[in-house]
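Source file: my_file.txt. Holds: compact mmCIF, C-alpha atoms.
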# COMPACT_ATOMS: atom_id res chain seq x y z
CA ALA A 1 92.87 88.75 174.41
CA GLN A 2 96.55 88.81 173.56
CA SER A 3 98.74 91.91 173.42
CA VAL A 4 102.31 93.13 173.20
CA ALA A 5 103.91 96.17 174.80
CA GLN A 6 107.13 97.74 173.60
CA PRO A 7 107.76 100.36 176.29
CA GLU A 8 110.36 102.37 174.39
CA ASP A 9 109.43 104.26 171.23
CA GLN A 10 113.10 104.89 170.50
CA VAL A 11 116.44 103.38 171.47
CA ASN A 12 119.69 105.16 170.69
CA VAL A 13 123.07 103.47 171.03
CA ALA A 14 126.62 103.99 169.81
CA GLU A 15 128.08 101.56 167.32
CA GLY A 16 129.86 98.73 169.09
CA ASN A 17 127.74 99.02 172.23
CA PRO A 18 125.17 96.43 173.33
CA LEU A 19 121.65 96.87 172.02
CA THR A 20 118.49 95.87 173.87
CA VAL A 21 114.92 96.30 172.66
CA LYS A 22 112.29 95.50 175.28
CA CYS A 23 109.07 93.54 174.83
CA THR A 24 106.46 92.27 177.26
CA TYR A 25 103.41 90.26 176.33
CA SER A 26 100.03 89.11 177.58
CA VAL A 27 98.45 85.89 176.36
CA SER A 28 96.48 82.96 177.72
CA GLY A 29 98.74 79.99 178.25
CA ASN A 30 102.16 79.58 176.72
CA PRO A 31 103.08 81.97 173.91
CA TYR A 32 104.69 81.83 170.53
CA LEU A 33 106.89 84.95 170.29
CA PHE A 34 108.47 86.62 167.26
CA TRP A 35 110.73 89.54 166.41
CA TYR A 36 110.61 91.33 163.07
CA VAL A 37 112.65 94.22 161.65
CA GLN A 38 111.50 96.83 159.16
CA TYR A 39 113.90 98.97 157.16
CA PRO A 40 112.63 102.23 155.61
CA ASN A 41 110.05 101.73 152.85
CA ARG A 42 110.28 97.94 153.13
CA GLY A 43 108.14 95.12 154.44
CA LEU A 44 108.85 93.34 157.71
CA GLN A 45 111.60 90.74 157.86
CA PHE A 46 111.63 87.85 160.32
CA LEU A 47 114.50 87.86 162.86
CA LEU A 48 113.78 85.06 165.33
CA LYS A 49 111.09 83.19 167.23
CA TYR A 50 110.49 81.36 170.49
CA ILE A 51 108.32 78.28 170.32
CA THR A 52 109.49 76.06 173.16
CA GLY A 53 112.67 74.78 174.79
CA ASP A 54 115.78 76.89 175.42
CA ASN A 55 114.87 80.33 176.70
CA LEU A 56 117.70 81.95 174.72
CA VAL A 57 116.91 82.08 171.02
CA LYS A 58 119.45 83.03 168.38
CA GLY A 59 118.41 84.59 165.09
CA SER A 60 119.56 86.45 162.02
CA TYR A 61 122.26 89.17 161.87
CA GLY A 62 123.68 88.32 165.32
CA PHE A 63 120.45 89.04 167.21
CA GLU A 64 119.21 86.95 170.11
CA ALA A 65 116.27 87.13 172.47
CA GLU A 66 115.58 85.76 175.92
CA PHE A 67 112.20 84.38 176.91
CA ASN A 68 111.34 85.02 180.56
CA LYS A 69 108.07 83.40 181.52
CA SER A 70 107.87 84.85 185.03
CA GLN A 71 108.32 88.40 183.72
CA THR A 72 106.33 87.74 180.52
CA SER A 73 109.14 89.30 178.54
CA PHE A 74 110.99 88.58 175.32
CA HIS A 75 113.72 91.21 175.00
CA LEU A 76 115.79 91.44 171.82
CA LYS A 77 119.54 91.82 172.21
CA LYS A 78 122.68 92.25 170.17
CA PRO A 79 126.11 92.32 171.86
CA SER A 80 127.66 94.85 169.47
CA ALA A 81 125.38 97.12 167.43
CA LEU A 82 126.11 98.23 163.88
CA VAL A 83 124.97 101.40 162.11
CA SER A 84 123.15 99.10 159.67
CA ASP A 85 120.99 97.83 162.57
CA SER A 86 119.16 101.17 162.55
CA ALA A 87 115.54 100.24 161.78
CA LEU A 88 112.07 99.73 163.26
CA TYR A 89 111.70 96.59 165.38
CA PHE A 90 108.45 94.80 166.15
CA CYS A 91 107.70 92.16 168.75
CA ALA A 92 104.70 89.88 168.11
CA VAL A 93 102.83 87.19 170.06
CA ARG A 94 100.43 84.42 169.23
CA GLY A 95 98.58 82.21 171.66
CA ARG A 96 98.33 78.44 171.37
CA SER A 97 94.62 78.32 170.64
CA ASN A 98 93.28 77.63 167.17
CA ASP A 99 93.42 81.35 166.42
CA TYR A 100 95.87 82.28 163.66
CA LYS A 101 96.09 85.91 164.72
CA LEU A 102 99.48 87.44 165.41
CA SER A 103 99.44 90.55 167.62
CA PHE A 104 102.17 93.15 167.10
CA GLY A 105 103.62 95.75 169.40
CA ALA A 106 103.73 99.40 168.32
CA GLY A 107 107.39 99.13 167.35
CA THR A 108 110.69 100.54 168.60
CA THR A 109 112.88 102.71 166.41
CA VAL A 110 116.54 101.87 166.87
CA THR A 111 119.19 104.39 165.90
CA VAL A 112 122.83 103.35 166.01
CA ARG A 113 125.24 106.27 165.73
CA ALA A 114 128.71 105.91 164.31
CA ASN B 115 111.60 83.32 144.06
CA ALA B 116 109.91 86.70 144.21
CA GLY B 117 108.41 85.91 147.63
CA VAL B 118 105.37 88.07 148.34
CA THR B 119 104.50 90.73 145.75
CA GLN B 120 101.97 93.53 146.06
CA THR B 121 100.46 95.92 143.54
CA PRO B 122 100.22 98.84 143.36
CA LYS B 123 103.03 100.36 145.45
CA PHE B 124 101.30 103.72 145.77
CA GLN B 125 97.70 104.84 145.29
CA VAL B 126 95.76 108.03 145.86
CA LEU B 127 91.97 107.79 146.02
CA LYS B 128 89.16 110.23 146.57
CA THR B 129 86.61 109.55 149.28
CA GLY B 130 84.02 107.08 148.02
CA GLN B 131 86.16 105.52 145.31
CA SER B 132 86.84 101.81 145.29
CA MET B 133 89.97 99.84 144.60
CA THR B 134 91.51 96.39 144.97
CA LEU B 135 94.96 95.70 146.35
CA GLN B 136 96.57 92.64 144.86
CA CYS B 137 98.87 90.19 146.60
CA ALA B 138 100.57 87.05 145.33
CA GLN B 139 103.08 84.61 146.83
CA ASP B 140 105.19 81.98 145.14
CA MET B 141 106.26 80.01 148.23
CA ASN B 142 103.30 77.58 148.13
CA HIS B 143 102.13 78.86 151.51
CA ASN B 144 98.73 77.90 152.83
CA SER B 145 98.00 81.00 154.90
CA MET B 146 97.81 84.62 153.81
CA TYR B 147 97.15 87.85 155.68
CA TRP B 148 96.35 91.52 155.18
CA TYR B 149 97.59 94.12 157.67
CA ARG B 150 97.51 97.86 157.91
CA GLN B 151 100.32 99.85 159.50
CA ASP B 152 99.67 103.20 161.11
CA PRO B 153 102.22 105.32 163.00
CA GLY B 154 102.55 104.31 166.64
CA MET B 155 100.10 101.44 166.30
CA GLY B 156 102.17 98.62 164.90
CA LEU B 157 100.46 96.28 162.46
CA ARG B 158 96.80 95.43 162.78
CA LEU B 159 95.26 92.40 161.10
CA ILE B 160 92.44 93.19 158.69
CA TYR B 161 91.61 89.74 157.29
CA TYR B 162 93.35 86.44 156.97
CA SER B 163 92.98 83.22 155.04
CA ALA B 164 94.17 80.14 156.90
CA SER B 165 93.93 78.03 153.75
CA GLU B 166 92.61 78.22 150.22
CA GLY B 167 88.84 78.64 150.28
CA THR B 168 88.62 80.18 153.74
CA THR B 169 88.75 83.76 155.00
CA ASP B 170 88.26 85.24 158.47
CA LYS B 171 88.04 88.67 160.01
CA GLY B 172 90.93 90.14 161.94
CA GLU B 173 91.00 93.09 164.33
CA VAL B 174 89.90 95.84 161.91
CA PRO B 175 87.77 94.36 159.08
CA ASN B 176 85.19 97.13 158.72
CA GLY B 177 85.25 98.77 155.30
CA TYR B 178 87.20 95.95 153.67
CA ASN B 179 86.51 92.72 151.82
CA VAL B 180 88.87 89.98 150.72
CA SER B 181 89.03 87.23 148.16
CA ARG B 182 91.31 84.21 148.25
CA LEU B 183 91.38 83.70 144.51
CA ASN B 184 93.57 80.60 144.63
CA LYS B 185 96.45 79.36 146.74
CA ARG B 186 98.78 82.07 145.41
CA GLU B 187 96.59 85.17 145.43
CA PHE B 188 94.76 87.09 148.15
CA SER B 189 93.18 90.44 147.29
CA LEU B 190 91.88 93.23 149.52
CA ARG B 191 89.05 95.46 148.34
CA LEU B 192 87.96 98.85 149.58
CA GLU B 193 84.39 99.35 148.35
CA SER B 194 84.01 103.00 149.37
CA ALA B 195 87.28 104.51 150.55
CA ALA B 196 87.37 106.83 153.56
CA PRO B 197 90.17 109.10 154.83
CA SER B 198 90.49 106.81 157.88
CA GLN B 199 91.73 104.10 155.50
CA THR B 200 94.83 106.13 154.65
CA SER B 201 97.58 103.75 155.67
CA VAL B 202 100.31 101.40 154.51
CA TYR B 203 98.94 97.97 153.68
CA PHE B 204 101.01 94.81 153.94
CA CYS B 205 100.25 91.35 152.67
CA ALA B 206 101.95 88.37 154.29
CA SER B 207 102.01 84.62 153.92
CA SER B 208 103.10 81.65 156.00
CA GLU B 209 103.21 77.89 155.70
CA GLY B 210 100.28 77.66 158.05
CA GLY B 211 100.23 76.55 161.62
CA LYS B 212 100.88 78.82 164.53
CA VAL B 213 104.63 78.31 164.87
CA ASN B 214 105.63 79.47 161.42
CA GLU B 215 106.88 82.96 160.74
CA GLN B 216 105.17 85.20 158.23
CA PHE B 217 106.79 86.60 155.09
CA PHE B 218 105.80 90.13 154.15
CA GLY B 219 105.41 91.98 150.89
CA PRO B 220 106.85 95.46 150.27
CA GLY B 221 103.59 97.24 151.07
CA THR B 222 101.09 99.56 149.38
CA ARG B 223 100.96 103.17 150.51
CA LEU B 224 97.35 104.36 150.18
CA THR B 225 96.16 107.93 150.60
CA VAL B 226 92.44 108.72 150.66
CA LEU B 227 91.62 112.40 150.16
Show me, as structure tokens, the structure contained in the file I just sent.
Amino acid sequence: AQSVAQPEDQVNVAEGNPLTVKCTYSVSGNPYLFWYVQYPNRGLQFLLKYITGDNLVKGSYGFEAEFNKSQTSFHLKKPSALVSDSALYFCAVRGRSNDYKLSFGAGTTVTVRA
Amino acid sequence: NAGVTQTPKFQVLKTGQSMTLQCAQDMNHNSMYWYRQDPGMGLRLIYYSASEGTTDKGEVPNGYNVSRLNKREFSLRLESAAPSQTSVYFCASSEGGKVNEQFFGPGTRLTVL
């Protein structure tokens, strides 16, 4: 079975400070990993993904994430947070079997204060 | 492109009533998905359709049925609604294959009284 853990329900940072949202995963074999963002009353929007290759993945809106196989982690980062980054963030994992299922974490609410 | 569209946006049902949630995508994607989102639980997969003509159960299929009407449309039916089905429902689509990201609709907020 595959699963994702997002250990922090909420992350609060000041605008201009670095932002980190943590994610760890469990899956058989090598994973496909994704980050999505959800703004209030909207559907999820894709931010970035790790498939293979470079462990540092760059995505939309200045976000990046680092894949760490030994720690089974895929933390989302942004060097300088904006108030507009305030949203709900989801990490998701999929194994490399024939299964099409994508497993999501419970989500982390990010609040960036001005 | 409208992307993924869902109707209705809001719905209130009484226990035992039935309804169908509609989803359509205009991106020519092969795969489509139905999720439910509940507070503190992330998104859970109800059903998915890897390609036109096929459907498979996800994590929480009980109480739901789906129809992949054609490549564009994937509907979710609640035959006899229960309060436990109060949730926000999202439809998504992807090009198919495991490496491709999913594109989500705006959601349907369903309340079952």
Selection near segment 184-197 of chain B, 9 Å with only C-alpha atoms, sequence-local residues under 6 positions removed, as an mmCIF file with C-alpha atoms, in the frame of the given file:
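Below is the file that was written, around.cif:
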data_model
loop_
_atom_site.group_PDB
_atom_site.id
_atom_site.type_symbol
_atom_site.label_atom_id
_atom_site.label_comp_id
_atom_site.auth_asym_id
_atom_site.auth_seq_id
_atom_site.Cartn_x
_atom_site.Cartn_y
_atom_site.Cartn_z
ATOM 1 C CA LEU B 127 91.970 107.790 146.020
ATOM 2 C CA LYS B 128 89.160 110.230 146.570
ATOM 3 C CA THR B 129 86.610 109.550 149.280
ATOM 4 C CA GLY B 130 84.020 107.080 148.020
ATOM 5 C CA GLN B 131 86.160 105.520 145.310
ATOM 6 C CA SER B 132 86.840 101.810 145.290
ATOM 7 C CA MET B 133 89.970 99.840 144.600
ATOM 8 C CA THR B 134 91.510 96.390 144.970
ATOM 9 C CA LEU B 135 94.960 95.700 146.350
ATOM 10 C CA GLN B 136 96.570 92.640 144.860
ATOM 11 C CA CYS B 137 98.870 90.190 146.600
ATOM 12 C CA ALA B 138 100.570 87.050 145.330
ATOM 13 C CA GLN B 139 103.080 84.610 146.830
ATOM 14 C CA ASP B 140 105.190 81.980 145.140
ATOM 15 C CA MET B 141 106.260 80.010 148.230
ATOM 16 C CA ASN B 142 103.300 77.580 148.130
ATOM 17 C CA HIS B 143 102.130 78.860 151.510
ATOM 18 C CA ASN B 144 98.730 77.900 152.830
ATOM 19 C CA SER B 145 98.000 81.000 154.900
ATOM 20 C CA MET B 146 97.810 84.620 153.810
ATOM 21 C CA TYR B 147 97.150 87.850 155.680
ATOM 22 C CA TRP B 148 96.350 91.520 155.180
ATOM 23 C CA TYR B 161 91.610 89.740 157.290
ATOM 24 C CA TYR B 162 93.350 86.440 156.970
ATOM 25 C CA SER B 163 92.980 83.220 155.040
ATOM 26 C CA SER B 165 93.930 78.030 153.750
ATOM 27 C CA GLU B 166 92.610 78.220 150.220
ATOM 28 C CA GLY B 167 88.840 78.640 150.280
ATOM 29 C CA GLY B 177 85.250 98.770 155.300
ATOM 30 C CA TYR B 178 87.200 95.950 153.670
ATOM 31 C CA CYS B 205 100.250 91.350 152.670
ATOM 32 C CA THR B 225 96.160 107.930 150.600
ATOM 33 C CA VAL B 226 92.440 108.720 150.660
ATOM 34 C CA LEU B 227 91.620 112.400 150.160
#
Could you work out how far atom CA of Lys49 of chain A lies from atom CA of Pro79 of chain A, giving the answer in Å with one decimal?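 Separation of atom CA of Pro79 of chain A and atom CA of Lys49 of chain A: 18.2 Å.
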Each residue of chain A with at least one atom at most 8 Å from chain B should appear once, together with its nearest atom pair and the corresponding distance in Å (one decimal); atoms considered: only C-alpha atoms; ordering: chain, then increasing residue number; output as JSON lines.
{"residue": "A:Tyr32", "atom": "CA", "partner": "B:Val213", "partner_atom": "CA", "distance": 6.7}
{"residue": "A:Phe34", "atom": "CA", "partner": "B:Glu215", "partner_atom": "CA", "distance": 7.6}
{"residue": "A:Asn41", "atom": "CA", "partner": "B:Pro220", "partner_atom": "CA", "distance": 7.5}
{"residue": "A:Arg42", "atom": "CA", "partner": "B:Pro220", "partner_atom": "CA", "distance": 5.1}
{"residue": "A:Gly43", "atom": "CA", "partner": "B:Pro220", "partner_atom": "CA", "distance": 4.4}
{"residue": "A:Leu44", "atom": "CA", "partner": "B:Phe218", "partner_atom": "CA", "distance": 5.7}
{"residue": "A:Gln45", "atom": "CA", "partner": "B:Phe218", "partner_atom": "CA", "distance": 6.9}
{"residue": "A:Phe46", "atom": "CA", "partner": "B:Glu215", "partner_atom": "CA", "distance": 6.8}
{"residue": "A:Lys49", "atom": "CA", "partner": "B:Glu215", "partner_atom": "CA", "distance": 7.7}
{"residue": "A:Ile51", "atom": "CA", "partner": "B:Val213", "partner_atom": "CA", "distance": 6.6}
{"residue": "A:Phe90", "atom": "CA", "partner": "B:Gly156", "partner_atom": "CA", "distance": 7.5}
{"residue": "A:Arg94", "atom": "CA", "partner": "B:Lys212", "partner_atom": "CA", "distance": 7.3}
{"residue": "A:Arg96", "atom": "CA", "partner": "B:Lys212", "partner_atom": "CA", "distance": 7.3}
{"residue": "A:Tyr100", "atom": "CA", "partner": "B:Lys212", "partner_atom": "CA", "distance": 6.2}
{"residue": "A:Lys101", "atom": "CA", "partner": "B:Gly172", "partner_atom": "CA", "distance": 7.2}
{"residue": "A:Leu102", "atom": "CA", "partner": "B:Leu159", "partner_atom": "CA", "distance": 7.8}
{"residue": "A:Ser103", "atom": "CA", "partner": "B:Arg158", "partner_atom": "CA", "distance": 7.4}
{"residue": "A:Phe104", "atom": "CA", "partner": "B:Leu157", "partner_atom": "CA", "distance": 5.9}
{"residue": "A:Gly105", "atom": "CA", "partner": "B:Gly156", "partner_atom": "CA", "distance": 5.5}
{"residue": "A:Ala106", "atom": "CA", "partner": "B:Gly156", "partner_atom": "CA", "distance": 3.8}
{"residue": "A:Gly107", "atom": "CA", "partner": "B:Gly156", "partner_atom": "CA", "distance": 5.8}
Would you work out the distance separating atom CA of Tyr36 of chain A from atom CA of Gly59 of chain A, expressed in Å to one decimal?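 Atom CA of Gly59 of chain A lies at a distance of 10.5 Å from atom CA of Tyr36 of chain A.
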Rounded to one decimal, what separation in Å do you get between atom CA of Val13 of chain A and atom CA of Leu88 of chain A? 14.0 Å
Residues near Cys23 of chain A, cut-off 12 Å, all atoms listed in the file, skip fewer than 6 positions along chain, as an MDAnalysis selection string: chainID A and resid 3:9 33:35 65:68 71:77 89:93 104:108
Minimum-distance residue to Ala114 of chain A, chosen among A:Ala1, A:Ala87, A:Leu82, A:Leu56 (using all atoms listed in the file): A:Leu82
Is it possible to get the axis-aligned box enclosing segment 198-206 of chain B (all listed atoms, 3 Å extra per side) as JSON, with centre and edge lengths in Å rounded to one decimal?
{"center_x": 96.2, "center_y": 97.6, "center_z": 155.3, "size_x": 17.5, "size_y": 24.4, "size_z": 11.2}
If we count all atoms listed in the file and set the cut-off at 7 Å, which residues sit around Pro18 of chain A, ignoring sequence neighbours fewer than 3 positions away in its own chain? Please answer as an NGL selection string. :A and (78-81)
Please check which residues have atoms at most 7 Å from (86.9, 83.8, 148.3) in the file's coordinates, counting only C-alpha atoms, and write them as a PyMOL selection string. chain B and resi 167-169+180-183
